[in-house]
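File shown: my_file.tsv. Contents: TSV, N, CA and C atoms.
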```tsv
chain	number	residue	atom	x	y	z
U	52	MET	N	-8.56	2.87	-18.10
U	52	MET	CA	-7.83	1.98	-17.20
U	52	MET	C	-7.69	0.63	-17.89
U	53	SER	N	-6.50	0.06	-17.84
U	53	SER	CA	-6.27	-1.21	-18.51
U	53	SER	C	-7.02	-2.33	-17.79
U	54	ILE	N	-7.19	-3.42	-18.48
U	54	ILE	CA	-7.91	-4.56	-17.91
U	54	ILE	C	-7.16	-5.12	-16.71
U	55	GLU	N	-5.82	-5.18	-16.81
U	55	GLU	CA	-5.02	-5.70	-15.70
U	55	GLU	C	-5.21	-4.86	-14.44
U	56	ILE	N	-5.18	-3.54	-14.58
U	56	ILE	CA	-5.35	-2.64	-13.43
U	56	ILE	C	-6.77	-2.75	-12.89
U	57	THR	N	-7.74	-2.84	-13.76
U	57	THR	CA	-9.13	-2.99	-13.32
U	57	THR	C	-9.30	-4.26	-12.50
U	58	LYS	N	-8.66	-5.34	-12.93
U	58	LYS	CA	-8.73	-6.60	-12.19
U	58	LYS	C	-8.07	-6.46	-10.83
U	59	MET	N	-6.94	-5.74	-10.77
U	59	MET	CA	-6.26	-5.55	-9.49
U	59	MET	C	-7.12	-4.74	-8.53
U	60	VAL	N	-7.80	-3.71	-9.04
U	60	VAL	CA	-8.68	-2.89	-8.19
U	60	VAL	C	-9.80	-3.78	-7.64
U	61	GLU	N	-10.37	-4.62	-8.48
U	61	GLU	CA	-11.43	-5.53	-8.03
U	61	GLU	C	-10.90	-6.51	-6.98
U	62	LYS	N	-9.70	-7.04	-7.22
U	62	LYS	CA	-9.12	-7.99	-6.26
U	62	LYS	C	-8.82	-7.31	-4.93
U	63	MET	N	-8.32	-6.07	-4.98
U	63	MET	CA	-8.02	-5.36	-3.74
U	63	MET	C	-9.29	-5.11	-2.93
U	64	ALA	N	-10.39	-4.86	-3.62
U	64	ALA	CA	-11.65	-4.59	-2.93
U	64	ALA	C	-12.20	-5.83	-2.24
U	65	SER	N	-11.79	-7.00	-2.72
U	65	SER	CA	-12.36	-8.24	-2.17
U	65	SER	C	-11.32	-9.12	-1.49
U	66	LEU	N	-10.25	-8.53	-0.97
U	66	LEU	CA	-9.24	-9.32	-0.28
U	66	LEU	C	-9.80	-9.92	1.01
U	67	SER	N	-9.43	-11.15	1.25
U	67	SER	CA	-9.82	-11.79	2.51
U	67	SER	C	-8.90	-11.30	3.62
U	68	ASP	N	-9.30	-11.53	4.86
U	68	ASP	CA	-8.46	-11.15	6.00
U	68	ASP	C	-7.09	-11.83	5.92
U	69	GLU	N	-7.08	-13.07	5.46
U	69	GLU	CA	-5.82	-13.81	5.34
U	69	GLU	C	-4.91	-13.17	4.29
U	70	GLN	N	-5.48	-12.72	3.18
U	70	GLN	CA	-4.68	-12.07	2.14
U	70	GLN	C	-4.15	-10.71	2.63
U	71	ILE	N	-4.95	-10.00	3.41
U	71	ILE	CA	-4.50	-8.72	3.96
U	71	ILE	C	-3.34	-8.96	4.93
U	72	LYS	N	-3.44	-10.00	5.75
U	72	LYS	CA	-2.34	-10.34	6.66
U	72	LYS	C	-1.08	-10.66	5.87
U	73	GLU	N	-1.23	-11.37	4.76
U	73	GLU	CA	-0.08	-11.70	3.90
U	73	GLU	C	0.52	-10.43	3.29
U	74	LEU	N	-0.33	-9.50	2.85
U	74	LEU	CA	0.14	-8.22	2.31
U	74	LEU	C	0.95	-7.48	3.38
U	75	TYR	N	0.44	-7.43	4.59
U	75	TYR	CA	1.14	-6.76	5.69
U	75	TYR	C	2.46	-7.47	6.00
U	76	SER	N	2.45	-8.78	5.93
U	76	SER	CA	3.67	-9.55	6.19
U	76	SER	C	4.73	-9.23	5.13
U	77	LEU	N	4.32	-9.15	3.89
U	77	LEU	CA	5.26	-8.80	2.81
U	77	LEU	C	5.83	-7.40	3.02
U	78	ALA	N	4.97	-6.47	3.42
U	78	ALA	CA	5.41	-5.09	3.63
U	78	ALA	C	6.39	-4.98	4.80
U	79	SER	N	6.24	-5.85	5.77
U	79	SER	CA	7.10	-5.75	6.96
U	79	SER	C	8.52	-6.22	6.70
U	80	GLU	N	8.78	-6.79	5.54
U	80	GLU	CA	10.10	-7.32	5.22
U	80	GLU	C	11.04	-6.31	4.56
U	81	VAL	N	10.57	-5.10	4.28
U	81	VAL	CA	11.44	-4.13	3.61
U	81	VAL	C	12.28	-3.36	4.62
U	82	SER	N	13.36	-2.77	4.15
U	82	SER	CA	14.30	-2.05	5.01
U	82	SER	C	13.71	-0.72	5.49
U	83	LEU	N	14.30	-0.19	6.55
U	83	LEU	CA	13.86	1.10	7.09
U	83	LEU	C	14.08	2.23	6.07
U	84	ASP	N	15.17	2.15	5.31
U	84	ASP	CA	15.42	3.17	4.28
U	84	ASP	C	14.30	3.16	3.24
U	85	THR	N	13.87	1.98	2.86
U	85	THR	CA	12.79	1.86	1.88
U	85	THR	C	11.48	2.39	2.47
U	86	ILE	N	11.23	2.08	3.73
U	86	ILE	CA	10.03	2.59	4.39
U	86	ILE	C	10.01	4.11	4.34
U	87	GLU	N	11.13	4.72	4.68
U	87	GLU	CA	11.21	6.19	4.68
U	87	GLU	C	11.04	6.77	3.27
U	88	GLU	N	11.44	6.03	2.27
U	88	GLU	CA	11.29	6.49	0.88
U	88	GLU	C	9.84	6.32	0.40
U	89	LEU	N	9.23	5.17	0.72
U	89	LEU	CA	7.93	4.84	0.17
U	89	LEU	C	6.75	5.54	0.86
U	90	CYS	N	6.82	5.67	2.18
U	90	CYS	CA	5.65	6.16	2.92
U	90	CYS	C	5.13	7.52	2.46
U	91	PRO	N	5.99	8.54	2.28
U	91	PRO	CA	5.45	9.82	1.81
U	91	PRO	C	4.78	9.71	0.43
U	92	ALA	N	5.36	8.93	-0.45
U	92	ALA	CA	4.79	8.77	-1.80
U	92	ALA	C	3.46	8.01	-1.74
U	93	LEU	N	3.39	6.98	-0.89
U	93	LEU	CA	2.14	6.23	-0.75
U	93	LEU	C	1.05	7.10	-0.14
U	94	LEU	N	1.43	7.96	0.81
U	94	LEU	CA	0.45	8.88	1.40
U	94	LEU	C	-0.10	9.80	0.31
U	95	GLN	N	0.77	10.31	-0.56
U	95	GLN	CA	0.30	11.18	-1.65
U	95	GLN	C	-0.67	10.45	-2.57
U	96	ILE	N	-0.40	9.19	-2.85
U	96	ILE	CA	-1.32	8.40	-3.69
U	96	ILE	C	-2.67	8.32	-3.00
U	97	CYS	N	-2.67	8.06	-1.70
U	97	CYS	CA	-3.94	7.98	-0.95
U	97	CYS	C	-4.66	9.32	-0.94
U	98	LEU	N	-3.92	10.41	-0.72
U	98	LEU	CA	-4.53	11.74	-0.64
U	98	LEU	C	-5.05	12.22	-1.99
U	99	ASN	N	-4.41	11.79	-3.06
U	99	ASN	CA	-4.83	12.23	-4.40
U	99	ASN	C	-6.04	11.47	-4.94
U	100	SER	N	-6.53	10.52	-4.18
U	100	SER	CA	-7.68	9.74	-4.61
U	100	SER	C	-8.93	10.61	-4.63
U	101	LYS	N	-9.67	10.51	-5.71
U	101	LYS	CA	-10.91	11.27	-5.82
U	101	LYS	C	-12.13	10.45	-5.40
U	102	SER	N	-11.88	9.20	-5.06
U	102	SER	CA	-13.00	8.33	-4.66
U	102	SER	C	-13.14	8.31	-3.14
U	103	ASP	N	-14.20	7.69	-2.68
U	103	ASP	CA	-14.45	7.56	-1.24
U	103	ASP	C	-13.95	6.22	-0.72
U	104	THR	N	-13.02	5.61	-1.43
U	104	THR	CA	-12.54	4.28	-1.09
U	104	THR	C	-11.97	4.20	0.32
U	105	LEU	N	-11.31	5.26	0.76
U	105	LEU	CA	-10.66	5.21	2.07
U	105	LEU	C	-11.49	5.86	3.18
U	106	LYS	N	-12.77	6.02	2.96
U	106	LYS	CA	-13.64	6.53	4.02
U	106	LYS	C	-14.17	5.35	4.82
U	107	ASP	N	-13.22	4.62	5.40
U	107	ASP	CA	-13.54	3.43	6.19
U	107	ASP	C	-12.54	3.32	7.33
U	108	GLU	N	-12.49	2.20	7.98
U	108	GLU	CA	-11.58	1.99	9.10
U	108	GLU	C	-10.12	2.18	8.67
U	109	LEU	N	-9.76	1.68	7.51
U	109	LEU	CA	-8.38	1.84	7.01
U	109	LEU	C	-8.02	3.32	6.88
U	110	GLY	N	-8.93	4.11	6.33
U	110	GLY	CA	-8.69	5.55	6.20
U	110	GLY	C	-8.51	6.22	7.55
U	111	ARG	N	-9.31	5.81	8.53
U	111	ARG	CA	-9.19	6.38	9.88
U	111	ARG	C	-7.85	6.01	10.50
U	112	VAL	N	-7.39	4.78	10.28
U	112	VAL	CA	-6.10	4.36	10.83
U	112	VAL	C	-4.97	5.18	10.19
U	113	ILE	N	-5.02	5.37	8.88
U	113	ILE	CA	-4.00	6.16	8.19
U	113	ILE	C	-4.01	7.59	8.73
U	114	PHE	N	-5.19	8.18	8.90
U	114	PHE	CA	-5.29	9.53	9.44
U	114	PHE	C	-4.69	9.59	10.85
U	115	HIS	N	-5.01	8.62	11.68
U	115	HIS	CA	-4.49	8.57	13.05
U	115	HIS	C	-2.95	8.47	13.05
U	116	LEU	N	-2.41	7.62	12.19
U	116	LEU	CA	-0.96	7.48	12.10
U	116	LEU	C	-0.31	8.79	11.64
U	117	GLN	N	-0.95	9.47	10.71
U	117	GLN	CA	-0.41	10.75	10.22
U	117	GLN	C	-0.47	11.79	11.33
U	118	LYS	N	-1.57	11.85	12.02
U	118	LYS	CA	-1.76	12.82	13.09
U	118	LYS	C	-0.70	12.64	14.19
U	119	ASN	N	-0.34	11.40	14.46
U	119	ASN	CA	0.63	11.09	15.50
U	119	ASN	C	2.06	10.93	14.96
U	120	GLU	N	2.25	11.35	13.71
U	120	GLU	CA	3.56	11.29	13.06
U	120	GLU	C	4.19	9.91	13.13
U	121	ARG	N	3.38	8.89	12.81
U	121	ARG	CA	3.84	7.50	12.84
U	121	ARG	C	3.73	6.82	11.47
U	122	LEU	N	3.63	7.60	10.42
U	122	LEU	CA	3.49	7.01	9.09
U	122	LEU	C	4.77	6.32	8.61
U	123	ASN	N	5.93	6.82	8.98
U	123	ASN	CA	7.18	6.24	8.50
U	123	ASN	C	7.63	5.09	9.40
U	124	THR	N	6.70	4.19	9.68
U	124	THR	CA	6.96	2.99	10.48
U	124	THR	C	6.50	1.79	9.68
U	125	ARG	N	6.81	0.61	10.17
U	125	ARG	CA	6.36	-0.61	9.48
U	125	ARG	C	4.83	-0.65	9.40
U	126	ILE	N	4.17	-0.32	10.50
U	126	ILE	CA	2.71	-0.32	10.48
U	126	ILE	C	2.19	0.74	9.52
U	127	GLY	N	2.84	1.89	9.50
U	127	GLY	CA	2.46	2.94	8.56
U	127	GLY	C	2.58	2.46	7.12
U	128	LEU	N	3.69	1.80	6.81
U	128	LEU	CA	3.88	1.27	5.46
U	128	LEU	C	2.79	0.25	5.12
U	129	GLU	N	2.49	-0.64	6.06
U	129	GLU	CA	1.47	-1.66	5.81
U	129	GLU	C	0.13	-1.01	5.46
U	130	LYS	N	-0.29	-0.06	6.27
U	130	LYS	CA	-1.60	0.58	6.06
U	130	LYS	C	-1.60	1.45	4.81
U	131	LEU	N	-0.52	2.21	4.60
U	131	LEU	CA	-0.45	3.05	3.40
U	131	LEU	C	-0.43	2.21	2.13
U	132	LEU	N	0.31	1.12	2.16
U	132	LEU	CA	0.38	0.24	1.00
U	132	LEU	C	-1.00	-0.33	0.69
U	133	HIS	N	-1.69	-0.80	1.71
U	133	HIS	CA	-3.03	-1.34	1.55
U	133	HIS	C	-3.96	-0.28	0.96
U	134	GLY	N	-3.94	0.92	1.56
U	134	GLY	CA	-4.81	1.99	1.09
U	134	GLY	C	-4.49	2.44	-0.33
U	135	ALA	N	-3.22	2.62	-0.62
U	135	ALA	CA	-2.82	3.08	-1.95
U	135	ALA	C	-3.15	2.03	-3.02
U	136	LEU	N	-3.00	0.76	-2.68
U	136	LEU	CA	-3.37	-0.29	-3.64
U	136	LEU	C	-4.87	-0.29	-3.90
U	137	LYS	N	-5.65	0.08	-2.90
U	137	LYS	CA	-7.10	0.14	-3.10
U	137	LYS	C	-7.50	1.29	-4.03
U	138	VAL	N	-6.78	2.41	-3.95
U	138	VAL	CA	-7.19	3.58	-4.73
U	138	VAL	C	-6.49	3.72	-6.07
U	139	ASN	N	-5.22	3.28	-6.16
U	139	ASN	CA	-4.50	3.46	-7.42
U	139	ASN	C	-3.34	2.46	-7.56
U	140	PRO	N	-3.67	1.19	-7.82
U	140	PRO	CA	-2.61	0.17	-7.90
U	140	PRO	C	-1.57	0.46	-8.98
U	141	LYS	N	-1.96	1.08	-10.07
U	141	LYS	CA	-1.01	1.37	-11.15
U	141	LYS	C	0.12	2.26	-10.63
U	142	GLU	N	-0.22	3.32	-9.91
U	142	GLU	CA	0.79	4.23	-9.36
U	142	GLU	C	1.65	3.54	-8.30
U	143	VAL	N	1.03	2.67	-7.51
U	143	VAL	CA	1.77	1.95	-6.47
U	143	VAL	C	2.84	1.07	-7.11
U	144	PHE	N	2.46	0.30	-8.12
U	144	PHE	CA	3.43	-0.58	-8.77
U	144	PHE	C	4.51	0.21	-9.49
U	145	LYS	N	4.15	1.33	-10.08
U	145	LYS	CA	5.14	2.19	-10.72
U	145	LYS	C	6.14	2.70	-9.67
U	146	LEU	N	5.64	3.10	-8.51
U	146	LEU	CA	6.50	3.57	-7.42
U	146	LEU	C	7.42	2.45	-6.93
U	147	LEU	N	6.84	1.29	-6.65
U	147	LEU	CA	7.63	0.18	-6.12
U	147	LEU	C	8.72	-0.26	-7.10
U	148	GLU	N	8.37	-0.30	-8.37
U	148	GLU	CA	9.32	-0.79	-9.37
U	148	GLU	C	10.42	0.22	-9.70
U	149	SER	N	10.25	1.47	-9.26
U	149	SER	CA	11.29	2.48	-9.50
U	149	SER	C	12.05	2.79	-8.22
U	150	SER	N	11.89	1.96	-7.19
U	150	SER	CA	12.52	2.19	-5.89
U	150	SER	C	13.65	1.22	-5.63
U	151	GLU	N	13.96	1.08	-4.35
U	151	GLU	CA	15.02	0.19	-3.87
U	151	GLU	C	14.77	-1.26	-4.32
U	152	PRO	N	15.81	-2.09	-4.34
U	152	PRO	CA	15.64	-3.50	-4.73
U	152	PRO	C	14.60	-4.25	-3.89
U	153	ASP	N	14.54	-3.97	-2.58
U	153	ASP	CA	13.55	-4.69	-1.77
U	153	ASP	C	12.13	-4.23	-2.09
U	154	ALA	N	11.95	-3.01	-2.56
U	154	ALA	CA	10.63	-2.54	-3.00
U	154	ALA	C	10.24	-3.22	-4.31
U	155	LYS	N	11.22	-3.43	-5.18
U	155	LYS	CA	10.95	-4.14	-6.43
U	155	LYS	C	10.52	-5.58	-6.14
U	156	GLU	N	11.19	-6.20	-5.18
U	156	GLU	CA	10.82	-7.56	-4.77
U	156	GLU	C	9.42	-7.57	-4.16
U	157	LEU	N	9.11	-6.56	-3.37
U	157	LEU	CA	7.77	-6.43	-2.77
U	157	LEU	C	6.72	-6.34	-3.87
U	158	SER	N	7.00	-5.58	-4.90
U	158	SER	CA	6.07	-5.45	-6.03
U	158	SER	C	5.77	-6.81	-6.67
U	159	LYS	N	6.84	-7.59	-6.91
U	159	LYS	CA	6.66	-8.93	-7.51
U	159	LYS	C	5.80	-9.82	-6.62
U	160	ARG	N	6.09	-9.78	-5.33
U	160	ARG	CA	5.37	-10.67	-4.40
U	160	ARG	C	3.92	-10.26	-4.23
U	161	ILE	N	3.63	-8.96	-4.29
U	161	ILE	CA	2.24	-8.50	-4.20
U	161	ILE	C	1.47	-8.96	-5.44
U	162	LYS	N	2.10	-8.86	-6.61
U	162	LYS	CA	1.44	-9.31	-7.84
U	162	LYS	C	1.13	-10.80	-7.76
U	163	GLN	N	2.03	-11.58	-7.14
U	163	GLN	CA	1.76	-13.01	-6.97
U	163	GLN	C	0.58	-13.24	-6.02
U	164	LEU	N	0.51	-12.42	-4.98
U	164	LEU	CA	-0.58	-12.52	-4.01
U	164	LEU	C	-1.93	-12.24	-4.67
U	165	LEU	N	-1.93	-11.22	-5.55
U	165	LEU	CA	-3.17	-10.85	-6.22
U	165	LEU	C	-3.46	-11.80	-7.36
```
Final structure tokens representation of the file:
Amino acid sequence: MSIEITKMVEKMASLSDEQIKELYSLASEVSLDTIEELCPALLQICLNSKSDTLKDELGRVIFHLQKNERLNTRIGLEKLLHGALKVNPKEVFKLLESSEPDAKELSKRIKQLL
């Protein structure tokens, strides 16, 4: 794992509540088309994690949203983005940067936040 990605993983693990709110705010600004494109891919990133990183409240919320078929919503995107960044930021940024223009902008703004 590169040093940059390692630093991002460390930063994601120690985000303050204010930074998490900012992350959610950034995620809420993308279009519905982008949400529908990103959510399934972000869920796969979360599910492919071999660590126990999401065995917490965030993981339970993601599971609940999936169970109730609410992942392709703004709240679903917010939680999936948060979870996927915790488990595999490299894949998340690769996904965002290969998506819609508003997803590319989201990627830039998240990097600034971190």
Quick check for you: according to DSSP on this backbone, which residues of chain U are classed as helix (DSSP H, G or I)? Reply as a ChimeraX atom specification. /U:54-64,68-78,83-98,108-118,125-138,140-148,152-164
With distances taken over only N, CA and C atoms, which residue among U:Lys141, U:Lys106, U:His115, U:Arg125 lies nearest Met59 (chain U)?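 Comparing U:Lys141, U:Lys106, U:His115, U:Arg125 against Met59 (chain U), the winner is U:Lys141.
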Closest of U:Asn139, U:Thr85, U:Ser150, U:Ser67 to Cys97 (chain U) - atom-to-atom distances counting only N, CA and C atoms: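 Closest residue, counting only N, CA and C atoms: U:Asn139.
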Please provide as a compact mmCIF listing (two decimals) with N, CA and C atoms, in the frame of the given file all residues within 8 Å of His133 (chain U), with the sequence filter that same-chain residues fewer than 4 positions apart are discarded (counting all atoms listed in the file).
```txt
# COMPACT_ATOMS: atom_id res chain seq x y z
N ILE U 71 -4.95 -10.00 3.41
CA ILE U 71 -4.50 -8.72 3.96
C ILE U 71 -3.34 -8.96 4.93
N LEU U 74 -0.33 -9.50 2.85
CA LEU U 74 0.14 -8.22 2.31
C LEU U 74 0.95 -7.48 3.38
N TYR U 75 0.44 -7.43 4.59
CA TYR U 75 1.14 -6.76 5.69
C TYR U 75 2.46 -7.47 6.00
N LEU U 109 -9.76 1.68 7.51
CA LEU U 109 -8.38 1.84 7.01
C LEU U 109 -8.02 3.32 6.88
N GLY U 127 2.84 1.89 9.50
CA GLY U 127 2.46 2.94 8.56
C GLY U 127 2.58 2.46 7.12
N LEU U 128 3.69 1.80 6.81
CA LEU U 128 3.88 1.27 5.46
C LEU U 128 2.79 0.25 5.12
N GLU U 129 2.49 -0.64 6.06
CA GLU U 129 1.47 -1.66 5.81
C GLU U 129 0.13 -1.01 5.46
N LYS U 137 -5.65 0.08 -2.90
CA LYS U 137 -7.10 0.14 -3.10
C LYS U 137 -7.50 1.29 -4.03
N VAL U 138 -6.78 2.41 -3.95
CA VAL U 138 -7.19 3.58 -4.73
C VAL U 138 -6.49 3.72 -6.07
```
For Ala64 (chain U), which of U:Leu93, U:Leu105, U:Leu157, U:Leu122 is the closest residue, counting only C-alpha atoms? U:Leu105
Quick one: 4 Å padding each side, axis-aligned, all listed atoms of region 65-70 of chain U - centre and edge lengths in Å to one decimal, as JSON?
```
{"center_x": -8.3, "center_y": -10.4, "center_z": 1.6, "size_x": 16.2, "size_y": 14.8, "size_z": 16.7}
```
